[in-house]
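Chemist: Got a file for you: run04.txt, compact mmCIF, C-alpha atoms.
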```
# COMPACT_ATOMS: atom_id res chain seq x y z
CA MET X 1 2.08 40.20 1.10
CA THR X 2 2.58 37.26 3.48
CA LEU X 3 3.48 33.59 3.14
CA THR X 4 0.03 32.77 4.52
CA GLU X 5 -1.65 34.66 1.67
CA LEU X 6 0.55 32.88 -0.85
CA ARG X 7 -0.43 29.52 0.64
CA TYR X 8 -4.09 30.52 0.30
CA ILE X 9 -3.84 31.32 -3.41
CA VAL X 10 -1.94 28.07 -4.09
CA ALA X 11 -4.68 26.14 -2.27
CA VAL X 12 -7.48 27.84 -4.23
CA ALA X 13 -5.65 27.22 -7.52
CA ARG X 14 -5.32 23.54 -6.60
CA GLU X 15 -8.87 22.99 -5.29
CA LYS X 16 -10.63 25.42 -7.69
CA HIS X 17 -13.03 26.10 -4.84
CA PHE X 18 -12.80 28.59 -1.96
CA GLY X 19 -14.57 26.34 0.55
CA ARG X 20 -12.37 23.31 -0.05
CA ALA X 21 -9.25 25.51 -0.08
CA ALA X 22 -10.23 26.97 3.29
CA GLU X 23 -10.69 23.45 4.71
CA ALA X 24 -7.27 22.42 3.38
CA CYS X 25 -5.70 25.48 5.05
CA PHE X 26 -7.66 24.94 8.30
CA VAL X 27 -9.25 28.40 8.24
CA SER X 28 -12.76 29.72 7.69
CA GLN X 29 -13.82 30.57 4.16
CA PRO X 30 -14.35 34.29 4.98
CA THR X 31 -10.80 34.50 6.40
CA LEU X 32 -9.35 32.97 3.23
CA SER X 33 -11.52 35.08 0.90
CA VAL X 34 -10.65 38.36 2.65
CA ALA X 35 -6.91 37.56 2.57
CA ILE X 36 -6.99 36.76 -1.16
CA LYS X 37 -9.03 39.88 -1.91
CA LYS X 38 -6.46 41.93 0.05
CA LEU X 39 -3.61 40.38 -1.97
CA GLU X 40 -5.38 41.06 -5.28
CA GLU X 41 -5.89 44.70 -4.25
CA GLU X 42 -2.25 45.03 -3.19
CA LEU X 43 -1.04 43.62 -6.54
CA ASP X 44 -3.81 45.42 -8.44
CA VAL X 45 -4.52 42.28 -10.49
CA LYS X 46 -7.23 39.64 -10.63
CA ILE X 47 -5.81 36.24 -9.71
CA PHE X 48 -9.08 34.27 -9.83
CA GLU X 49 -12.28 34.34 -11.87
CA ARG X 50 -15.17 33.51 -9.54
CA GLY X 51 -17.79 31.33 -11.26
CA THR X 52 -21.02 29.94 -9.84
CA SER X 53 -19.72 26.39 -9.43
CA GLU X 54 -15.95 26.61 -9.91
CA VAL X 55 -13.09 29.07 -9.51
CA SER X 56 -10.64 29.44 -12.39
CA VAL X 57 -7.19 31.03 -12.43
CA THR X 58 -6.58 33.98 -14.76
CA PRO X 59 -3.61 33.76 -17.17
CA LEU X 60 -1.68 36.28 -15.07
CA GLY X 61 -2.85 34.48 -11.95
CA GLU X 62 -1.23 31.25 -13.23
CA GLU X 63 2.17 32.98 -13.22
CA ILE X 64 1.57 34.45 -9.77
CA VAL X 65 0.52 31.05 -8.36
CA ARG X 66 3.63 29.37 -9.82
CA GLN X 67 5.85 32.03 -8.25
CA ALA X 68 3.96 31.76 -4.96
CA GLN X 69 4.62 28.01 -4.93
CA ALA X 70 8.31 28.62 -5.53
CA VAL X 71 8.44 31.17 -2.69
CA ILE X 72 6.70 28.72 -0.31
CA GLU X 73 9.18 26.00 -1.24
CA GLN X 74 12.13 28.32 -0.70
CA ALA X 75 10.76 29.37 2.68
CA ALA X 76 10.39 25.71 3.66
CA ALA X 77 13.94 25.09 2.43
CA ILE X 78 15.25 27.62 4.96
CA LYS X 79 13.72 25.55 7.77
CA GLU X 80 15.08 22.35 6.23
CA ILE X 81 18.60 23.82 6.05
CA ALA X 82 18.38 24.69 9.73
CA LYS X 83 17.19 21.15 10.56
CA ARG X 84 19.94 19.57 8.48
CA GLY X 85 22.51 21.39 10.58
CA LYS X 86 21.28 19.46 13.61
CA ASP X 87 20.17 16.12 12.11
CA PRO X 88 19.41 15.68 8.38
CA LEU X 89 17.17 12.71 9.19
CA ALA X 90 15.18 14.45 11.94
CA GLY X 91 11.50 14.94 11.24
CA PRO X 92 8.85 13.16 9.15
CA LEU X 93 9.34 12.28 5.47
CA ARG X 94 6.16 12.65 3.39
CA LEU X 95 6.16 9.67 1.04
CA GLY X 96 3.66 8.99 -1.74
CA ILE X 97 3.21 5.56 -3.30
CA ILE X 98 0.96 4.19 -6.06
CA TYR X 99 -1.83 1.73 -5.27
CA THR X 100 -0.23 -1.24 -7.04
CA ILE X 101 3.01 -0.97 -5.04
CA GLY X 102 1.89 0.24 -1.59
CA PRO X 103 0.24 -2.91 -0.14
CA TYR X 104 3.17 -5.14 -1.15
CA LEU X 105 6.19 -2.94 -0.36
CA LEU X 106 5.07 -0.81 2.59
CA PRO X 107 4.76 -3.44 5.37
CA GLU X 108 8.44 -4.39 5.09
CA LEU X 109 9.62 -0.91 4.09
CA VAL X 110 8.04 0.74 7.15
CA ARG X 111 9.56 -1.89 9.44
CA HIS X 112 13.04 -1.30 8.05
CA ALA X 113 12.59 2.49 8.14
CA ILE X 114 11.66 2.30 11.84
CA GLU X 115 14.72 0.15 12.58
CA MET X 116 17.17 2.22 10.51
CA THR X 117 15.91 5.80 10.99
CA PRO X 118 13.48 5.93 13.95
CA GLN X 119 13.83 9.73 14.04
CA MET X 120 12.34 9.97 10.52
CA PRO X 121 8.75 8.65 10.60
CA LEU X 122 7.11 8.11 7.21
CA MET X 123 3.91 10.05 6.49
CA LEU X 124 2.27 7.92 3.79
CA GLN X 125 -0.08 8.89 0.95
CA GLU X 126 -1.38 6.21 -1.43
CA ASN X 127 -2.77 7.53 -4.72
CA PHE X 128 -2.73 7.47 -8.51
CA THR X 129 0.46 8.51 -10.32
CA VAL X 130 -1.06 11.72 -11.72
CA LYS X 131 -2.18 12.83 -8.24
CA LEU X 132 1.19 12.03 -6.67
CA LEU X 133 2.96 14.05 -9.36
CA GLU X 134 0.70 17.02 -8.58
CA MET X 135 1.34 16.67 -4.83
CA LEU X 136 5.10 16.55 -5.46
CA ARG X 137 4.88 19.68 -7.59
CA THR X 138 2.93 21.61 -4.95
CA GLY X 139 5.17 20.49 -2.09
CA GLU X 140 2.53 18.35 -0.34
CA LEU X 141 4.85 15.35 -0.70
CA ASP X 142 8.62 15.13 -0.31
CA CYS X 143 9.08 12.07 -2.54
CA ALA X 144 7.10 9.27 -4.16
CA ILE X 145 7.57 5.66 -5.23
CA MET X 146 6.05 5.18 -8.70
CA ALA X 147 6.42 3.10 -11.84
CA GLU X 148 7.81 4.51 -15.06
CA PRO X 149 6.92 5.90 -17.48
CA PHE X 150 5.28 9.08 -16.23
CA PRO X 151 5.28 12.63 -17.66
CA ASP X 152 8.59 14.48 -17.39
CA THR X 153 7.91 17.07 -14.70
CA GLY X 154 11.52 18.02 -13.99
CA LEU X 155 11.72 15.68 -10.99
CA ALA X 156 14.88 13.97 -9.83
CA THR X 157 14.55 10.16 -9.93
CA ALA X 158 16.52 7.17 -8.70
CA PRO X 159 15.76 3.63 -9.94
CA LEU X 160 14.85 1.10 -7.24
CA TYR X 161 14.06 -2.16 -9.04
CA ASP X 162 12.71 -3.79 -12.21
CA GLU X 163 9.65 -5.91 -11.43
CA PRO X 164 8.47 -8.70 -13.77
CA PHE X 165 4.77 -9.38 -14.39
CA MET X 166 3.03 -12.70 -13.70
CA VAL X 167 -0.21 -14.22 -14.99
CA ALA X 168 -2.88 -15.11 -12.40
CA VAL X 169 -5.32 -17.82 -13.50
CA PRO X 170 -7.94 -19.97 -11.71
CA LYS X 171 -6.45 -23.24 -10.41
CA SER X 172 -8.92 -25.16 -12.60
CA HIS X 173 -7.79 -23.36 -15.79
CA PRO X 174 -5.67 -25.36 -18.30
CA LEU X 175 -3.02 -22.58 -18.19
CA ALA X 176 -2.54 -23.20 -14.45
CA ARG X 177 -0.49 -26.32 -15.28
CA ARG X 178 1.88 -24.49 -17.60
CA ALA X 179 5.47 -23.55 -16.72
CA SER X 180 5.13 -20.29 -18.67
CA ILE X 181 2.61 -18.41 -20.81
CA ALA X 182 3.22 -16.26 -23.90
CA SER X 183 1.39 -12.92 -23.90
CA GLU X 184 -0.08 -13.83 -27.30
CA GLU X 185 -2.02 -16.69 -25.67
CA LEU X 186 -3.87 -14.36 -23.31
CA LYS X 187 -5.84 -12.59 -26.03
CA ARG X 188 -8.23 -15.56 -26.16
CA GLU X 189 -8.99 -15.25 -22.44
CA THR X 190 -11.46 -13.16 -20.45
CA MET X 191 -9.23 -10.46 -18.98
CA LEU X 192 -9.73 -8.72 -15.65
CA LEU X 193 -8.21 -5.22 -15.57
CA LEU X 194 -7.77 -2.42 -13.05
CA GLY X 195 -10.03 0.59 -13.61
CA THR X 196 -9.04 3.74 -15.48
CA GLY X 197 -6.47 5.86 -13.63
CA HIS X 198 -4.23 3.00 -12.52
CA CYS X 199 -0.90 3.13 -14.34
CA PHE X 200 -0.59 -0.65 -14.00
CA ARG X 201 -3.66 -0.96 -16.24
CA ASP X 202 -1.72 0.99 -18.91
CA HIS X 203 1.30 -1.29 -18.42
CA VAL X 204 -0.87 -4.38 -19.01
CA LEU X 205 -2.42 -2.83 -22.12
CA GLU X 206 1.08 -2.18 -23.47
CA VAL X 207 1.97 -5.85 -23.01
CA CYS X 208 -1.26 -7.11 -24.57
CA PRO X 209 -2.89 -4.39 -26.72
CA GLU X 210 -5.78 -6.74 -27.52
CA PHE X 211 -7.14 -6.13 -24.02
CA ALA X 212 -7.97 -2.53 -24.94
CA ARG X 213 -10.89 -3.51 -27.13
CA PHE X 214 -14.04 -5.57 -26.72
CA SER X 215 -14.37 -8.35 -29.26
CA SER X 216 -16.47 -11.45 -29.86
CA ASP X 217 -13.86 -12.73 -32.30
CA ALA X 218 -12.26 -15.99 -31.19
CA GLU X 219 -8.87 -14.40 -31.87
CA GLY X 220 -9.66 -11.36 -29.73
CA ILE X 221 -10.54 -10.86 -26.09
CA ARG X 222 -14.11 -11.97 -25.47
CA LYS X 223 -14.90 -9.64 -22.64
CA SER X 224 -13.19 -7.30 -20.20
CA PHE X 225 -14.05 -6.71 -16.55
CA GLU X 226 -12.64 -4.05 -14.24
CA GLY X 227 -11.77 -4.12 -10.56
CA SER X 228 -10.88 -1.38 -8.09
CA SER X 229 -7.72 -3.04 -6.73
CA LEU X 230 -5.37 -5.91 -7.49
CA GLU X 231 -6.65 -7.81 -4.46
CA THR X 232 -10.27 -7.46 -5.67
CA ILE X 233 -9.25 -8.72 -9.10
CA LYS X 234 -7.46 -11.72 -7.55
CA HIS X 235 -10.72 -12.65 -5.80
CA MET X 236 -12.48 -12.43 -9.18
CA VAL X 237 -9.83 -14.75 -10.66
CA SER X 238 -10.28 -17.24 -7.80
CA SER X 239 -14.04 -17.31 -8.48
CA GLY X 240 -13.35 -18.25 -12.11
CA MET X 241 -14.34 -14.99 -13.81
CA GLY X 242 -11.17 -14.75 -15.88
CA VAL X 243 -7.41 -14.22 -15.79
CA THR X 244 -5.27 -11.19 -14.98
CA VAL X 245 -1.71 -9.86 -15.00
CA VAL X 246 -0.09 -8.86 -11.68
CA PRO X 247 3.32 -7.47 -10.59
CA GLN X 248 5.74 -9.98 -9.02
CA LEU X 249 5.65 -8.50 -5.48
CA SER X 250 1.87 -8.92 -5.30
CA VAL X 251 2.21 -12.72 -5.70
CA PRO X 252 1.59 -14.42 -2.33
CA ARG X 253 4.59 -16.34 -0.99
CA GLU X 254 2.45 -19.34 -0.04
CA PRO X 255 0.53 -21.42 -2.65
CA GLN X 256 -3.07 -20.30 -3.00
CA PRO X 257 -5.99 -22.76 -3.04
CA HIS X 258 -7.88 -21.21 -5.96
CA VAL X 259 -5.35 -19.10 -7.92
CA ALA X 260 -2.18 -20.16 -9.77
CA TYR X 261 0.55 -17.66 -10.68
CA VAL X 262 2.41 -18.50 -13.89
CA ALA X 263 5.49 -16.76 -15.32
CA PHE X 264 5.48 -15.10 -18.75
CA ALA X 265 7.54 -16.72 -21.49
CA PRO X 266 10.45 -14.51 -22.67
CA PRO X 267 10.49 -11.64 -23.31
CA VAL X 268 9.03 -11.16 -19.84
CA PRO X 269 7.18 -7.83 -19.44
CA THR X 270 8.41 -5.72 -16.52
CA ARG X 271 7.96 -2.30 -14.95
CA ARG X 272 10.66 -0.06 -13.52
CA VAL X 273 9.93 1.26 -10.02
CA VAL X 274 11.64 4.53 -9.09
CA LEU X 275 11.86 7.03 -6.27
CA ALA X 276 11.09 10.60 -7.40
CA TRP X 277 11.50 13.93 -5.61
CA ARG X 278 11.67 17.65 -6.41
CA ARG X 279 15.12 18.87 -7.40
CA THR X 280 14.72 21.67 -4.84
CA PHE X 281 14.22 19.19 -1.97
CA THR X 282 17.20 19.66 0.36
CA ARG X 283 17.12 16.54 2.57
CA TYR X 284 19.42 14.41 0.41
CA GLU X 285 20.29 12.18 3.34
CA ALA X 286 16.60 11.40 3.89
CA ILE X 287 16.26 10.26 0.26
CA ALA X 288 19.36 8.07 0.63
CA ALA X 289 18.04 6.60 3.89
CA LEU X 290 14.71 5.76 2.26
CA ARG X 291 16.46 4.03 -0.65
CA ASN X 292 18.53 2.01 1.83
CA ALA X 293 15.32 0.95 3.60
CA VAL X 294 13.88 -0.20 0.25
CA TYR X 295 17.05 -2.18 -0.53
CA ALA X 296 16.85 -3.81 2.91
CA CYS X 297 13.49 -5.37 1.90
CA GLU X 298 13.51 -8.92 0.54
CA LEU X 299 11.86 -8.02 -2.82
CA PRO X 300 11.63 -11.64 -4.07
CA GLY X 301 11.81 -12.06 -7.84
CA VAL X 302 12.72 -8.45 -8.71
CA ALA X 303 15.99 -7.07 -10.10
CA ARG X 304 17.43 -4.46 -7.73
CA LEU X 305 18.94 -1.36 -9.32
CA SER X 306 21.52 1.07 -7.95
```
Represent the structure of the file as C-alpha cells.

Modeler:
Amino acid sequence: MTLTELRYIVAVAREKHFGRAAEACFVSQPTLSVAIKKLEEELDVKIFERGTSEVSVTPLGEEIVRQAQAVIEQAAAIKEIAKRGKDPLAGPLRLGIIYTIGPYLLPELVRHAIEMTPQMPLMLQENFTVKLLEMLRTGELDCAIMAEPFPDTGLATAPLYDEPFMVAVPKSHPLARRASIASEELKRETMLLLGTGHCFRDHVLEVCPEFARFSSDAEGIRKSFEGSSLETIKHMVSSGMGVTVVPQLSVPREPQPHVAYVAFAPPVPTRRVVLAWRRTFTRYEAIAALRNAVYACELPGVARLS
C-alpha cells in the first residue's frame, strides 16, 4: 500500500469516474486502474462498484476512502511541520472564495497579501459554497472565505466581517429617490435573483420569502428572473428589467449612471463572512496572516469582527 494508491482511490471516489480521476492525478487511466486493482487485491475487498456510466463506492469502500484521506492529510502535515520549522509562511496558501465575495474582496486582498507576506502566494479557487466545503474536506484547499450559514462539517472558523445588503434599482425607478427601503416594499417589484447554487440567493430569499414563488397577485412578486453573476444582474437592473439585492462590498464607490443603490430600512439584513479551515491544518501563522491581510482592506460599510 502506497500514498499514491491512496490518492488514486480518493480521486476516484470524488470524481466517480476513472478517466476524470486519472486526469486529476496526472496519470494514464490504465496506470490508475491497475494500481487500484492491486490495492483491492492486497486488502481483499472491493472498494468500487464499476457501472457502465458511473463508479460508485461500496459501503466498506467509503470507510477506506475516509481513512485514506486522513492518511494523506497526516502525510502532508509532516511536510508542513518541517516547513514551519524554517518559515511558517513559506509556500503557497490555497484559498477558496465564493462567487459573491471574490470579485469585490480579492483585488485589495491580493495586493495586501503580496505586500505583507510575499513568500506566501495565494492560489485562488472561486466556487460555490458546497464545492468549497468538499475541497476543504478532501485537502484540495487550505482555507476558504464563505458566508454563513453553511453545514457544520467540523471546520474551524474565524469571523471576518458582517456585511449589510443594499437594494439596486434603476435610476428611473421611484424607489431610487428614497433614503431607505423596507424589505416588505420589494415584494411588489420584479426581482432579479442569482441562479440556484449561489448561497447569496438563499440569503435574499430569507430576507424576502415572497421572492421564492411566482405570483400574479399585486401583493406578491410579479415575476422572477435569474442571472449567472451579480455583475450580470446589475446590468439587467440598469436596463430596467427589475430590482435586486446586493452585498455592500459589491456597490461601486462612484455613482452609476443607470443604477441607484439604496439602503434597507432597519432591521437591515446582513451576512456574516468567515474564514474556514480544517482543524488538522497546521499552518496557524498562515491563517493569521491571511486574516491580517483581510483586515488591512478598506471594506467600506461593513462591520469588522475579531

Chemist: Would you compute, for all listed atoms of range 114-119 of chain X, the axis-aligned bounding box grown by 3 Å on each side, and then report its centre and edge lengths in Å rounded to one decimal, as AutoDock Vina command-line options?

Modeler:
```
--center_x 14.4 --center_y 4.9 --center_z 12.3 --size_x 11.5 --size_y 15.6 --size_z 9.5
```

Chemist: Could you give me, as an mmCIF file with C-alpha atoms, keeping the file's coordinate frame, the residues within 9 Å of Ala179 in chain X, counting only C-alpha atoms and dropping anything in the same chain fewer than 3 positions from it?

Modeler:
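Printed below is part38.cif as written:
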```cif
data_model
loop_
_atom_site.group_PDB
_atom_site.id
_atom_site.type_symbol
_atom_site.label_atom_id
_atom_site.label_comp_id
_atom_site.auth_asym_id
_atom_site.auth_seq_id
_atom_site.Cartn_x
_atom_site.Cartn_y
_atom_site.Cartn_z
ATOM 1 C CA LEU X 175 -3.020 -22.580 -18.190
ATOM 2 C CA ALA X 176 -2.540 -23.200 -14.450
ATOM 3 C CA VAL X 262 2.410 -18.500 -13.890
ATOM 4 C CA ALA X 263 5.490 -16.760 -15.320
ATOM 5 C CA PHE X 264 5.480 -15.100 -18.750
ATOM 6 C CA ALA X 265 7.540 -16.720 -21.490
#
```

Chemist: Could you pull out every residue with an atom within 10 Å of (2.7, -9.0, -21.9), file coordinates, counting only C-alpha atoms, and send them as JSON, numbers by chain?

Modeler: {"X": [164, 165, 166, 167, 181, 182, 183, 184, 185, 186, 203, 204, 205, 206, 207, 208, 209, 245, 264, 265, 266, 267, 268, 269, 270]}

Chemist: Measure the distance from CA of Glu231 in chain X to CA of Ser250 in chain X in Å and round it to one decimal.

Modeler: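 Going from CA of Glu231 in chain X over to CA of Ser250 in chain X, I get 8.6 Å.
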
Chemist: Got a sec: who's within 10 Å of range 131-133 of chain X, counting only C-alpha atoms, leaving out chain neighbours fewer than 6 positions off, as a ChimeraX atom specification?

Modeler: /X:95-98,125,139-141,143-146,150-153,155,197,276-278

Chemist: Give the answer as one residue: which of X:Asp142, X:Glu148, X:Glu42, X:Glu285 has the shortest atom-to-atom distance to Tyr161 in chain X, using all atoms listed in the file?

Modeler: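 Residue with the minimum atom-to-atom distance to Tyr161 in chain X: X:Glu148.
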
Chemist: If you take all atoms listed in the file and a cut-off of 12 Å, which residues of range 68-106 of chain X touch range 8-28 of chain X, and what are their nearest atom pairs and distances in Å to one decimal, in chain and number order, as a tab-separated table?

Modeler:
```
residue	atom	partner	partner_atom	distance
X:Ala68	CA	X:Val10	CA	7.0
X:Gln69	CA	X:Val10	CA	6.6
X:Ala70	CA	X:Val10	CA	10.4
X:Val71	CA	X:Val10	CA	10.9
X:Ile72	CA	X:Val10	CA	9.5
X:Glu73	CA	X:Val10	CA	11.7
```

Chemist: What separation in Å, quoted to one decimal, exists between CA of Val274 in chain X and CA of Pro88 in chain X?

Modeler: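 Taking CA of Val274 in chain X as the start and CA of Pro88 in chain X as the end point, the length is 22.1 Å.
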